[in-house]
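For reference, my_file-v4.cif (mmCIF, C-alpha atoms):
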data_work
loop_
_atom_site.label_atom_id
_atom_site.label_comp_id
_atom_site.auth_asym_id
_atom_site.auth_seq_id
_atom_site.Cartn_x
_atom_site.Cartn_y
_atom_site.Cartn_z
CA MET A 1 0.75 -1.59 16.50
CA ARG A 2 3.33 0.46 14.60
CA ILE A 3 5.41 -0.88 11.71
CA ALA A 4 7.57 0.40 8.87
CA TYR A 5 7.09 -0.44 5.19
CA LEU A 6 10.23 -0.38 3.04
CA THR A 7 10.29 -0.57 -0.77
CA GLY A 8 12.70 0.31 -3.51
CA ARG A 9 10.63 3.25 -4.72
CA TYR A 10 7.45 4.42 -3.00
CA PRO A 11 4.96 5.41 -4.18
CA GLY A 12 5.43 3.70 -7.55
CA ILE A 13 3.25 4.08 -10.61
CA SER A 14 3.29 0.34 -11.31
CA HIS A 15 3.03 -0.62 -7.63
CA THR A 16 -0.20 1.05 -6.55
CA PHE A 17 -1.15 -2.18 -4.77
CA ILE A 18 1.41 -1.37 -2.05
CA MET A 19 -0.16 2.02 -1.40
CA ARG A 20 -3.61 0.44 -1.23
CA GLU A 21 -2.29 -2.07 1.26
CA VAL A 22 -0.67 0.61 3.42
CA ARG A 23 -3.84 2.70 3.48
CA ALA A 24 -6.06 -0.29 4.23
CA LEU A 25 -3.84 -1.27 7.17
CA ARG A 26 -4.00 2.29 8.47
CA ALA A 27 -7.80 2.11 8.28
CA LEU A 28 -7.59 -0.91 10.60
CA GLY A 29 -5.62 1.12 13.14
CA VAL A 30 -2.07 0.07 12.23
CA GLN A 31 0.43 2.92 12.22
CA VAL A 32 2.46 2.44 9.04
CA ASP A 33 5.56 4.58 8.44
CA THR A 34 6.74 4.39 4.84
CA PHE A 35 10.38 4.38 3.73
CA SER A 36 11.72 4.29 0.18
CA ILE A 37 15.25 3.52 -0.93
CA TRP A 38 15.04 5.97 -3.84
CA PRO A 39 12.66 8.90 -4.29
CA THR A 40 9.96 8.70 -6.92
CA ASP A 41 10.32 11.14 -9.79
CA ARG A 42 7.73 13.85 -9.13
CA SER A 43 6.62 13.67 -12.78
CA LEU A 44 5.37 10.15 -12.05
CA LEU A 45 3.10 11.24 -9.21
CA LEU A 46 0.00 11.01 -11.38
CA ALA A 47 -2.69 10.88 -8.69
CA GLN A 48 -3.48 12.88 -5.57
CA ALA A 49 -2.87 9.85 -3.35
CA ASP A 50 0.62 9.47 -4.87
CA SER A 51 1.53 13.03 -3.89
CA GLU A 52 0.18 12.56 -0.37
CA GLU A 53 2.23 9.41 0.21
CA PHE A 54 5.32 10.98 -1.36
CA GLU A 55 5.27 13.84 1.15
CA THR A 56 5.21 11.52 4.18
CA THR A 57 7.75 8.95 2.95
CA TYR A 58 11.39 9.11 4.08
CA THR A 59 13.89 8.26 1.33
CA LEU A 60 17.24 6.68 2.19
CA LEU A 61 19.09 7.61 -1.01
CA PRO A 62 20.68 9.83 -1.97
CA PRO A 63 21.91 10.12 1.63
CA ARG A 64 21.30 13.25 3.65
CA PRO A 65 24.78 13.96 5.01
CA TRP A 66 23.77 15.16 8.48
CA ASP A 67 21.25 12.34 8.96
CA ALA A 68 23.78 9.74 7.86
CA LEU A 69 26.59 11.15 10.01
CA ARG A 70 24.41 11.38 13.10
CA ALA A 71 23.03 7.86 12.63
CA HIS A 72 26.41 6.22 12.08
CA LEU A 73 28.12 8.06 14.93
CA SER A 74 25.32 6.94 17.25
CA ALA A 75 25.61 3.37 15.97
CA LEU A 76 29.39 3.24 16.40
CA LEU A 77 29.29 4.75 19.88
CA THR A 78 26.46 2.62 21.24
CA ARG A 79 26.75 -0.67 19.32
CA PRO A 80 30.29 -1.04 17.90
CA GLY A 81 30.20 -4.85 18.04
CA ARG A 82 26.87 -5.00 16.26
CA TYR A 83 28.10 -2.51 13.69
CA LEU A 84 30.98 -4.79 12.74
CA THR A 85 28.78 -7.91 12.76
CA THR A 86 26.30 -6.23 10.44
CA ALA A 87 29.05 -5.04 8.11
CA ARG A 88 30.35 -8.61 7.87
CA ARG A 89 26.87 -9.89 7.10
CA ALA A 90 26.39 -7.25 4.41
CA ALA A 91 29.66 -8.40 2.85
CA ALA A 92 28.48 -12.02 2.98
CA LEU A 93 25.23 -11.11 1.19
CA ARG A 94 26.91 -9.13 -1.57
CA GLN A 95 27.28 -10.28 -5.15
CA PRO A 96 30.80 -10.94 -6.49
CA GLY A 97 32.96 -8.19 -7.88
CA LEU A 98 33.67 -4.55 -7.21
CA ARG A 99 30.03 -3.57 -7.72
CA GLY A 100 29.05 -6.07 -5.03
CA TRP A 101 31.36 -4.39 -2.52
CA GLY A 102 29.93 -1.00 -3.41
CA LEU A 103 26.39 -2.26 -2.97
CA ALA A 104 27.26 -3.81 0.41
CA ALA A 105 28.65 -0.45 1.59
CA THR A 106 25.46 1.26 0.44
CA TRP A 107 23.35 -1.32 2.29
CA MET A 108 25.29 -0.57 5.45
CA LEU A 109 24.74 3.16 5.02
CA GLU A 110 21.00 2.70 4.48
CA THR A 111 20.58 0.15 7.28
CA VAL A 112 21.95 2.41 9.98
CA VAL A 113 19.97 5.44 8.79
CA LEU A 114 16.80 3.33 8.75
CA TRP A 115 17.60 2.09 12.27
CA HIS A 116 18.01 5.66 13.46
CA HIS A 117 14.66 6.78 12.09
CA CYS A 118 12.81 3.67 13.24
CA ARG A 119 14.23 4.16 16.73
CA LEU A 120 13.03 7.78 16.76
CA ARG A 121 9.53 6.54 15.85
CA SER A 122 9.56 3.57 18.26
CA VAL A 123 9.24 1.15 15.34
CA THR A 124 10.84 -2.27 15.74
CA HIS A 125 9.30 -4.20 12.84
CA VAL A 126 10.08 -3.54 9.16
CA HIS A 127 8.13 -5.09 6.29
CA ALA A 128 9.79 -5.10 2.86
CA HIS A 129 7.99 -5.30 -0.47
CA LEU A 130 9.46 -6.67 -3.71
CA ASN A 131 12.97 -7.90 -4.36
CA GLY A 132 16.28 -6.08 -4.54
CA SER A 133 17.78 -4.09 -1.70
CA ALA A 134 14.69 -3.57 0.45
CA PRO A 135 14.52 -7.08 2.02
CA THR A 136 18.31 -7.14 2.37
CA ILE A 137 18.28 -3.90 4.35
CA ALA A 138 15.42 -5.15 6.53
CA LEU A 139 17.44 -8.31 7.28
CA LEU A 140 20.56 -6.29 8.10
CA LEU A 141 18.56 -3.93 10.29
CA THR A 142 17.44 -6.84 12.45
CA THR A 143 21.01 -8.12 12.62
CA PHE A 144 22.17 -4.73 13.84
CA ALA A 145 19.35 -3.66 16.15
CA SER A 146 17.98 -6.71 17.93
CA ASP A 147 18.95 -7.25 21.55
CA ALA A 148 16.59 -10.16 22.18
CA GLU A 149 19.36 -12.62 23.04
CA ARG A 150 20.44 -10.26 25.84
CA GLY A 151 16.94 -9.79 27.16
CA GLY A 152 16.44 -6.49 25.33
CA GLN A 153 14.23 -5.31 22.51
CA ALA A 154 13.49 -7.83 19.76
CA TRP A 155 13.56 -6.24 16.31
CA THR A 156 11.81 -8.25 13.62
CA TRP A 157 11.29 -8.09 9.88
CA SER A 158 9.16 -9.63 7.16
CA MET A 159 8.73 -9.41 3.42
CA THR A 160 6.16 -9.88 0.70
CA VAL A 161 7.28 -12.04 -2.23
CA HIS A 162 5.43 -11.39 -5.46
CA GLY A 163 7.28 -13.10 -8.28
CA PRO A 164 8.24 -13.60 -10.93
CA SER A 165 11.40 -11.46 -10.77
CA GLU A 166 12.43 -12.82 -7.36
CA PHE A 167 12.61 -16.31 -8.86
CA TYR A 168 14.83 -15.48 -11.84
CA ASP A 169 18.10 -15.58 -9.90
CA THR A 170 17.42 -16.89 -6.42
CA ALA A 171 21.13 -17.45 -5.69
CA ASN A 172 22.22 -13.85 -6.26
CA GLU A 173 19.04 -12.61 -4.61
CA GLN A 174 19.98 -14.73 -1.55
CA LEU A 175 16.27 -15.54 -1.45
CA ALA A 176 16.59 -18.72 0.59
CA GLU A 177 18.66 -16.97 3.26
CA LYS A 178 16.15 -14.14 3.44
CA VAL A 179 13.28 -16.57 3.94
CA ARG A 180 15.20 -18.37 6.68
CA ALA A 181 16.06 -15.09 8.42
CA ALA A 182 12.63 -13.41 8.17
CA THR A 183 10.16 -13.50 11.01
CA PHE A 184 7.52 -14.37 8.43
CA VAL A 185 7.00 -14.11 4.67
CA VAL A 186 3.85 -13.08 2.83
CA CYS A 187 3.34 -14.71 -0.58
CA ILE A 188 0.82 -13.19 -2.96
CA SER A 189 -0.13 -16.57 -4.44
CA ASP A 190 0.11 -20.28 -3.79
CA PHE A 191 2.47 -20.39 -6.76
CA ALA A 192 4.86 -17.95 -5.05
CA ARG A 193 4.65 -19.93 -1.82
CA SER A 194 5.47 -23.15 -3.67
CA GLN A 195 8.61 -21.58 -5.15
CA LEU A 196 9.84 -20.60 -1.69
CA MET A 197 9.00 -24.02 -0.28
CA GLY A 198 11.35 -25.47 -2.88
CA LEU A 199 14.19 -23.23 -1.66
CA VAL A 200 14.11 -23.76 2.10
CA GLU A 201 13.85 -26.58 4.60
CA GLN A 202 10.42 -27.81 5.69
CA ARG A 203 10.81 -26.31 9.15
CA HIS A 204 10.51 -22.85 7.55
CA TRP A 205 7.29 -23.58 5.63
CA SER A 206 5.06 -22.55 8.53
CA LYS A 207 6.26 -18.94 8.26
CA LEU A 208 5.01 -18.68 4.65
CA HIS A 209 1.56 -17.07 4.47
CA VAL A 210 -0.55 -16.55 1.34
CA VAL A 211 -2.29 -13.17 1.18
CA HIS A 212 -3.56 -11.95 -2.17
CA CYS A 213 -3.15 -8.39 -3.30
CA GLY A 214 -6.50 -6.70 -3.52
CA VAL A 215 -8.56 -3.88 -4.98
CA ASP A 216 -11.45 -1.84 -3.63
CA PRO A 217 -14.61 -3.11 -5.38
CA THR A 218 -16.42 0.12 -4.48
CA VAL A 219 -13.84 2.16 -6.41
CA PHE A 220 -13.61 -0.28 -9.30
CA ALA A 221 -17.34 -0.70 -9.67
CA PRO A 222 -19.17 -1.56 -12.89
CA ALA A 223 -20.03 1.39 -15.10
CA GLN A 224 -23.59 2.58 -14.59
CA GLN A 225 -24.06 3.07 -18.31
CA ALA A 226 -22.54 1.81 -21.52
CA PRO A 227 -19.34 3.58 -22.61
CA ALA A 228 -19.59 6.28 -25.24
CA GLY A 229 -19.69 4.75 -28.68
CA ALA A 230 -20.53 1.28 -27.39
CA ALA A 231 -23.59 1.19 -29.60
CA GLU A 232 -21.33 1.23 -32.65
CA SER A 233 -22.10 -2.11 -34.29
CA GLY A 234 -19.46 -4.83 -34.11
CA LYS A 235 -16.67 -2.79 -32.55
CA LEU A 236 -14.69 -4.66 -29.89
CA ARG A 237 -12.68 -2.34 -27.65
CA ILE A 238 -9.77 -4.13 -26.02
CA LEU A 239 -7.71 -2.72 -23.15
CA ASN A 240 -4.28 -3.70 -21.81
CA VAL A 241 -2.52 -2.04 -18.87
CA GLY A 242 1.17 -2.75 -18.26
CA ARG A 243 4.67 -1.32 -18.52
CA LEU A 244 6.15 -1.39 -22.00
CA VAL A 245 8.79 -4.02 -21.36
CA PRO A 246 9.36 -7.29 -23.27
CA VAL A 247 8.10 -9.57 -20.48
CA LYS A 248 4.62 -8.05 -20.79
CA GLY A 249 4.26 -9.67 -24.22
CA HIS A 250 2.66 -6.71 -25.98
CA ALA A 251 4.06 -7.88 -29.32
CA VAL A 252 2.00 -11.07 -29.01
CA LEU A 253 -1.15 -9.07 -28.35
CA ILE A 254 -0.49 -6.77 -31.32
CA GLU A 255 0.01 -9.83 -33.53
CA ALA A 256 -3.30 -11.21 -32.26
CA ILE A 257 -5.07 -7.95 -33.11
CA GLY A 258 -3.73 -8.17 -36.65
CA ASP A 259 -4.98 -11.76 -36.90
CA LEU A 260 -8.35 -10.77 -35.48
CA ARG A 261 -8.84 -7.95 -37.96
CA ALA A 262 -7.76 -10.21 -40.82
CA ARG A 263 -10.68 -12.46 -39.88
CA GLY A 264 -13.03 -9.53 -40.31
CA VAL A 265 -13.49 -8.71 -36.63
CA ASP A 266 -13.55 -4.95 -36.04
CA ALA A 267 -11.29 -4.57 -33.00
CA ASP A 268 -9.29 -1.72 -31.51
CA LEU A 269 -6.64 -2.00 -28.79
CA THR A 270 -5.54 0.58 -26.23
CA ILE A 271 -2.33 -0.13 -24.30
CA VAL A 272 -1.84 1.92 -21.13
CA GLY A 273 1.70 2.23 -19.79
CA ASP A 274 5.14 3.40 -20.77
CA GLY A 275 8.63 1.95 -20.83
CA PRO A 276 11.74 1.17 -22.87
CA ALA A 277 9.93 -1.00 -25.45
CA ARG A 278 7.73 1.85 -26.67
CA LEU A 279 9.69 2.65 -29.85
CA GLU A 280 9.91 -1.03 -30.83
CA LEU A 281 6.14 -1.42 -30.35
CA GLU A 282 5.42 1.71 -32.39
CA GLU A 283 7.48 0.24 -35.24
CA LEU A 284 5.67 -3.09 -34.93
CA ILE A 285 2.27 -1.37 -35.07
CA ALA A 286 3.30 0.53 -38.19
CA ARG A 287 4.66 -2.59 -39.94
CA ALA A 288 1.44 -4.46 -39.18
CA ASP A 289 -0.61 -1.56 -40.64
CA LEU A 290 -2.45 -1.19 -37.32
CA THR A 291 -1.72 2.47 -36.65
CA GLY A 292 -5.41 3.36 -36.60
CA HIS A 293 -6.35 0.39 -34.46
CA VAL A 294 -3.66 0.08 -31.74
CA ARG A 295 -3.06 3.07 -29.50
CA LEU A 296 -0.22 3.48 -26.99
CA ALA A 297 -1.80 5.75 -24.39
CA GLY A 298 1.27 6.20 -22.18
CA ALA A 299 1.31 6.23 -18.40
CA VAL A 300 -2.00 7.04 -16.72
CA GLY A 301 -2.56 7.69 -13.01
CA GLN A 302 -5.16 6.07 -10.82
CA ASP A 303 -7.30 9.21 -10.92
CA ASP A 304 -7.78 8.78 -14.69
CA ILE A 305 -7.60 5.04 -15.28
CA LEU A 306 -11.29 4.39 -14.62
CA ALA A 307 -12.34 6.30 -17.74
CA LEU A 308 -10.22 3.98 -19.88
CA TYR A 309 -11.55 0.85 -18.21
CA ARG A 310 -15.10 2.00 -18.79
CA CYS A 311 -14.53 2.34 -22.53
CA ALA A 312 -13.38 -1.29 -22.77
CA ASP A 313 -15.38 -4.35 -23.81
CA VAL A 314 -12.56 -6.77 -22.97
CA PHE A 315 -9.34 -6.64 -20.94
CA CYS A 316 -6.55 -8.72 -22.47
CA MET A 317 -3.12 -9.61 -21.08
CA THR A 318 -0.40 -11.55 -22.91
CA SER A 319 2.48 -11.45 -20.41
CA PHE A 320 5.17 -14.13 -20.28
CA ALA A 321 5.53 -13.95 -16.49
CA GLU A 322 3.27 -12.53 -13.78
CA GLY A 323 2.38 -12.86 -10.13
CA VAL A 324 -1.37 -12.31 -9.71
CA PRO A 325 -1.87 -9.10 -11.71
CA VAL A 326 -3.79 -6.38 -9.93
CA VAL A 327 -4.85 -4.86 -13.26
CA LEU A 328 -6.80 -8.05 -13.95
CA MET A 329 -8.54 -7.63 -10.58
CA GLU A 330 -9.37 -4.01 -11.42
CA ALA A 331 -10.98 -5.03 -14.71
CA MET A 332 -12.80 -7.98 -13.19
CA ALA A 333 -14.24 -5.85 -10.40
CA GLN A 334 -15.82 -3.68 -13.09
CA GLU A 335 -17.41 -6.71 -14.79
CA ILE A 336 -15.11 -6.39 -17.78
CA PRO A 337 -14.46 -9.87 -19.22
CA VAL A 338 -10.76 -10.77 -19.04
CA LEU A 339 -8.43 -12.86 -21.17
CA ALA A 340 -4.98 -13.84 -19.88
CA PRO A 341 -2.28 -16.53 -20.21
CA SER A 342 -2.41 -19.56 -17.95
CA ILE A 343 0.88 -18.86 -16.16
CA MET A 344 2.17 -18.68 -12.60
CA GLY A 345 -0.45 -17.21 -10.24
CA ILE A 346 -3.02 -16.16 -12.84
CA PRO A 347 -5.09 -19.40 -12.65
CA GLU A 348 -5.59 -18.65 -8.94
CA LEU A 349 -7.57 -15.58 -10.07
CA ILE A 350 -9.13 -16.74 -13.33
CA GLU A 351 -10.95 -20.03 -13.86
CA ASP A 352 -11.12 -20.67 -17.58
CA GLY A 353 -14.63 -20.38 -18.95
CA VAL A 354 -16.06 -19.45 -15.55
CA ASN A 355 -14.93 -15.91 -14.70
CA GLY A 356 -12.61 -15.27 -17.63
CA LEU A 357 -10.71 -16.99 -20.43
CA LEU A 358 -7.19 -18.44 -20.36
CA THR A 359 -4.82 -19.23 -23.20
CA ARG A 360 -1.45 -20.88 -23.41
CA PRO A 361 1.38 -18.36 -23.05
CA ALA A 362 2.77 -16.56 -26.11
CA ARG A 363 0.10 -18.01 -28.43
CA ALA A 364 -1.17 -15.14 -30.56
CA ASP A 365 -3.44 -17.56 -32.44
CA GLN A 366 -5.18 -18.64 -29.25
CA VAL A 367 -5.52 -15.02 -28.12
CA ALA A 368 -7.13 -14.15 -31.46
CA ASP A 369 -9.46 -17.17 -31.18
CA ALA A 370 -10.56 -16.17 -27.67
CA LEU A 371 -11.06 -12.53 -28.65
CA ALA A 372 -13.14 -13.61 -31.66
CA ARG A 373 -15.25 -15.73 -29.33
CA LEU A 374 -15.82 -12.76 -27.02
CA ALA A 375 -16.55 -10.46 -29.94
CA GLY A 376 -19.25 -12.83 -31.15
CA SER A 377 -21.18 -13.09 -27.88
CA VAL A 378 -22.39 -10.19 -25.78
CA GLU A 379 -24.01 -12.75 -23.49
CA LEU A 380 -20.69 -14.53 -22.87
CA ARG A 381 -19.00 -11.23 -22.07
CA ALA A 382 -21.76 -10.30 -19.63
CA THR A 383 -21.71 -13.70 -17.90
CA LEU A 384 -17.94 -13.76 -17.50
CA GLY A 385 -17.99 -10.17 -16.27
CA ARG A 386 -20.58 -10.82 -13.55
CA ARG A 387 -18.73 -13.88 -12.30
CA ALA A 388 -15.44 -12.01 -12.42
CA ARG A 389 -16.70 -9.33 -10.07
CA GLN A 390 -18.07 -11.96 -7.70
CA SER A 391 -14.61 -13.56 -7.53
CA VAL A 392 -12.92 -10.26 -6.72
CA VAL A 393 -15.46 -9.30 -4.06
CA THR A 394 -15.17 -12.72 -2.43
CA GLU A 395 -11.41 -13.27 -2.48
CA PHE A 396 -9.48 -10.28 -3.81
CA ALA A 397 -10.94 -7.26 -2.01
CA ILE A 398 -8.33 -5.05 -0.34
CA ASP A 399 -10.25 -4.95 2.96
CA ARG A 400 -10.09 -8.73 3.17
CA SER A 401 -6.38 -8.79 2.35
CA ALA A 402 -5.65 -6.07 4.92
CA ARG A 403 -7.48 -7.97 7.65
CA GLN A 404 -5.44 -11.07 6.86
CA LEU A 405 -2.23 -9.06 7.02
CA HIS A 406 -3.31 -7.42 10.26
CA ASP A 407 -3.89 -10.83 11.82
CA ILE A 408 -0.49 -12.08 10.65
CA PHE A 409 1.32 -9.01 11.97
CA ASN A 410 -0.54 -9.33 15.25
CA ALA A 411 0.24 -13.03 15.59
CA HIS A 412 3.96 -12.59 14.98
CA ILE A 413 4.75 -9.24 16.59
CA GLY A 414 1.62 -8.33 18.56
CA GLY A 415 2.03 -5.12 20.49
CA SER A 416 5.82 -5.21 20.37
CA SER A 417 5.92 -2.55 17.66
#
Turn this file's structure into structure tokens for me.
Amino acid sequence: MRIAYLTGRYPGISHTFIMREVRALRALGVQVDTFSIWPTDRSLLLAQADSEEFETTYTLLPPRPWDALRAHLSALLTRPGRYLTTARRAAALRQPGLRGWGLAATWMLETVVLWHHCRLRSVTHVHAHLNGSAPTIALLLTTFASDAERGGQAWTWSMTVHGPSEFYDTANEQLAEKVRAATFVVCISDFARSQLMGLVEQRHWSKLHVVHCGVDPTVFAPAQQAPAGAAESGKLRILNVGRLVPVKGHAVLIEAIGDLRARGVDADLTIVGDGPARLELEELIARADLTGHVRLAGAVGQDDILALYRCADVFCMTSFAEGVPVVLMEAMAQEIPVLAPSIMGIPELIEDGVNGLLTRPARADQVADALARLAGSVELRATLGRRARQSVVTEFAIDRSARQLHDIFNAHIGGSS
């Protein structure tokens, strides 16, 4: 079986779960060719695996003039009717305004180039990850390339829906039409599946499959010894990993740390990640007089992230919207107790009081209460950590997810790609 994976930017520093998925599928014998709409900035290739995937990924933009010319001449000469049909469909999918027309023209450019390269590789199924242009181009590719109704080759496509961003503006995303047009849709949570079920007719529900993202429990294994400095009495080391953007709720977590320290709990926080909210967070940390206790570590690659996990007593997330966060899985696999908001897909990963703790969203007081509870009980932290790892090994291991995906691909497209 040979398929193509298409994403907006691959490999991506905040989307390592896609690379894990690709590599796990390859380990099962699936040939996966990777395509990216835009190239990743080389400065963001922070791990060896990132560089390896970057070198073998074909990027559609900016266009390579000779590739684009050759692909479009071939398309116009061999499939002029399909070319016009696809252009009309691209126009129908566009957003209003001049920018919408420009985007539709870009989709057409990318679609035909992708068709050309898939044809050279004998690939007839494209799987798109995340929202934006990738699933639109996969849909248009099938519109252009498939000859099934004339007894020829059937081209198919699918997508993985993560949430929450796909659900913010489903009309402009044309999400319902994409679900109807896709051969099948992978949802990373029951929550995501429920959102799609509310958009489309019941006859399409059978094509919606739930497959969790996963991590490798052998890579994210518990530390064999206590982190350096762990013997320091009373110190609670808290870790957060996430892009510095408002939706990640870092301001709530910083407020909770201030509350926690005001109660006399000695706690330090390390936030891993970078983004446009960095300056605002630095100012917030300074105003709260937490400069010595909250550290913004910047972006860290997968080759270095384990060292930071292994210095943590607790992993805490305070996002306002999430799918099923892979960073929570990474922490849980290492038996680090986790604290997160009870939103969207998170309760499918964390059962409150069993393998982690949940709070209401955006409640700094509840976050501080839960952190104080964890700080006061080494036994509670150890119990939650052990159960957390068991949950990941049982339900959120990448090998398990890849086998599920393999079975879905095989059921829908079999040996046709």
>> Residues near A:Ser319, anyone? I mean within 6 Å using all atoms listed in the file, not counting same-chain ones fewer than 2 positions away, as a list in words.
In response: Val247, Lys248, Gly249, Met317 and Ala321 of chain A
> Hey, what's within 7 Å of A:Ala402 if we count all atoms listed in the file and toss same-chain stuff fewer than 6 positions away? As a ChimeraX atom specification, please?
Replying inline: /A:21,24-25
> Which of these, A:Val265, A:Val392, A:Ile257, A:Ala382, has the shortest distance to A:Leu349 once you count only C-alpha atoms?
Replying inline: A:Val392
> Quick one: distance from atom CA of A:Met1 to atom CA of A:Thr183 in Å, one decimal?
Replying inline: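 Result for atom CA of A:Met1 versus atom CA of A:Thr183: 16.1 Å, one decimal.
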> Taking the file as shown, what set of residues would the PyMOL selection byres ((chain A and resi 104) around 9) give back, as a VMD selection string?
Replying inline: chain A and resid 87 90 to 95 99 to 103 105 to 109
Name the residues that the PyMOL selection byres ((chain A and resi 295) around 9) pulls out of this structure, and write them as a compact mmCIF listing (two decimals) with C-alpha atoms, in the coordinates of the input.
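Output (expr35.txt):
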# COMPACT_ATOMS: atom_id res chain seq x y z
CA ASP A 268 -9.29 -1.72 -31.51
CA LEU A 269 -6.64 -2.00 -28.79
CA THR A 270 -5.54 0.58 -26.23
CA ILE A 271 -2.33 -0.13 -24.30
CA VAL A 272 -1.84 1.92 -21.13
CA ILE A 285 2.27 -1.37 -35.07
CA LEU A 290 -2.45 -1.19 -37.32
CA THR A 291 -1.72 2.47 -36.65
CA GLY A 292 -5.41 3.36 -36.60
CA HIS A 293 -6.35 0.39 -34.46
CA VAL A 294 -3.66 0.08 -31.74
CA LEU A 296 -0.22 3.48 -26.99
CA ALA A 297 -1.80 5.75 -24.39
>> For stretch 332-345 of chain A, find every residue with an atom within 7 Å (counting all atoms listed in the file), except residues of its own chain fewer than 2 positions away, and show them as a VMD selection string.
In response: chain A and resid 189 191 217 220 to 223 313 to 319 321 to 324 328 to 330 347 to 348 356 to 361 381 384 to 386 388 to 389 392
Dump C-alpha atoms for the selected residues as a PDB file, keeping the file's coordinate frame?
ATOM      1  CA  SER A 189      -0.130 -16.570  -4.440  1.00  0.00           C
ATOM      2  CA  PHE A 191       2.470 -20.390  -6.760  1.00  0.00           C
ATOM      3  CA  PRO A 217     -14.610  -3.110  -5.380  1.00  0.00           C
ATOM      4  CA  PHE A 220     -13.610  -0.280  -9.300  1.00  0.00           C
ATOM      5  CA  ALA A 221     -17.340  -0.700  -9.670  1.00  0.00           C
ATOM      6  CA  PRO A 222     -19.170  -1.560 -12.890  1.00  0.00           C
ATOM      7  CA  ALA A 223     -20.030   1.390 -15.100  1.00  0.00           C
ATOM      8  CA  ASP A 313     -15.380  -4.350 -23.810  1.00  0.00           C
ATOM      9  CA  VAL A 314     -12.560  -6.770 -22.970  1.00  0.00           C
ATOM     10  CA  PHE A 315      -9.340  -6.640 -20.940  1.00  0.00           C
ATOM     11  CA  CYS A 316      -6.550  -8.720 -22.470  1.00  0.00           C
ATOM     12  CA  MET A 317      -3.120  -9.610 -21.080  1.00  0.00           C
ATOM     13  CA  THR A 318      -0.400 -11.550 -22.910  1.00  0.00           C
ATOM     14  CA  SER A 319       2.480 -11.450 -20.410  1.00  0.00           C
ATOM     15  CA  ALA A 321       5.530 -13.950 -16.490  1.00  0.00           C
ATOM     16  CA  GLU A 322       3.270 -12.530 -13.780  1.00  0.00           C
ATOM     17  CA  GLY A 323       2.380 -12.860 -10.130  1.00  0.00           C
ATOM     18  CA  VAL A 324      -1.370 -12.310  -9.710  1.00  0.00           C
ATOM     19  CA  LEU A 328      -6.800  -8.050 -13.950  1.00  0.00           C
ATOM     20  CA  MET A 329      -8.540  -7.630 -10.580  1.00  0.00           C
ATOM     21  CA  GLU A 330      -9.370  -4.010 -11.420  1.00  0.00           C
ATOM     22  CA  PRO A 347      -5.090 -19.400 -12.650  1.00  0.00           C
ATOM     23  CA  GLU A 348      -5.590 -18.650  -8.940  1.00  0.00           C
ATOM     24  CA  GLY A 356     -12.610 -15.270 -17.630  1.00  0.00           C
ATOM     25  CA  LEU A 357     -10.710 -16.990 -20.430  1.00  0.00           C
ATOM     26  CA  LEU A 358      -7.190 -18.440 -20.360  1.00  0.00           C
ATOM     27  CA  THR A 359      -4.820 -19.230 -23.200  1.00  0.00           C
ATOM     28  CA  ARG A 360      -1.450 -20.880 -23.410  1.00  0.00           C
ATOM     29  CA  PRO A 361       1.380 -18.360 -23.050  1.00  0.00           C
ATOM     30  CA  ARG A 381     -19.000 -11.230 -22.070  1.00  0.00           C
ATOM     31  CA  LEU A 384     -17.940 -13.760 -17.500  1.00  0.00           C
ATOM     32  CA  GLY A 385     -17.990 -10.170 -16.270  1.00  0.00           C
ATOM     33  CA  ARG A 386     -20.580 -10.820 -13.550  1.00  0.00           C
ATOM     34  CA  ALA A 388     -15.440 -12.010 -12.420  1.00  0.00           C
ATOM     35  CA  ARG A 389     -16.700  -9.330 -10.070  1.00  0.00           C
ATOM     36  CA  VAL A 392     -12.920 -10.260  -6.720  1.00  0.00           C
TER      37      VAL A 392
END
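Note that atom CA of A:Val126 and atom CA of A:Tyr5 are 5.9 Å apart.
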> So what does the PyMOL selection byres ((chain A and resi 68) around 12) actually pick up in this one, as a list of chain:residue names?
Replying inline: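 That expression, the PyMOL selection byres ((chain A and resi 68) around 12), corresponds here to A:Thr59, A:Leu60, A:Leu61, A:Pro62, A:Pro63, A:Arg64, A:Pro65, A:Trp66, A:Asp67, A:Leu69, A:Arg70, A:Ala71, A:His72, A:Leu73, A:Ser74, A:Ala75, A:Thr106, A:Met108, A:Leu109, A:Glu110, A:Thr111, A:Val112, A:Val113, A:Leu114, A:Trp115, A:His116, A:His117.
Going from atom CA of A:Gly258 to atom CA of A:Ala286 covers 11.3 Å.
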> Looking at all atoms listed in the file, which of A:Arg237, A:Arg363, A:His204, A:Arg243 is the one that sits closest to A:Cys311?
Replying inline: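 Closest residue, counting all atoms listed in the file: A:Arg237.
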>> Under the rule that only C-alpha atoms are counted, which of A:His162, A:Lys178, A:Arg203, A:Lys235 is the nearest residue to A:Pro325?
In response: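 Ranking A:His162, A:Lys178, A:Arg203, A:Lys235 by distance to A:Pro325, first place goes to A:His162.
Remark: for A:Val30, the closest of the candidate residues A:Ala411, A:Ala370, A:Ala267, A:Leu405 is A:Leu405 (distances computed over all atoms listed in the file).
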> Which residue, A:Ser377, A:Thr156, A:Ser194, A:Thr85, has the smallest gap to A:Ala4 when you use only C-alpha atoms?
Replying inline: A:Thr156
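The closest residue to A:Leu279, picked from A:Cys213, A:Ala299, A:Ile18, A:Leu244 and counting all atoms listed in the file, is A:Leu244.
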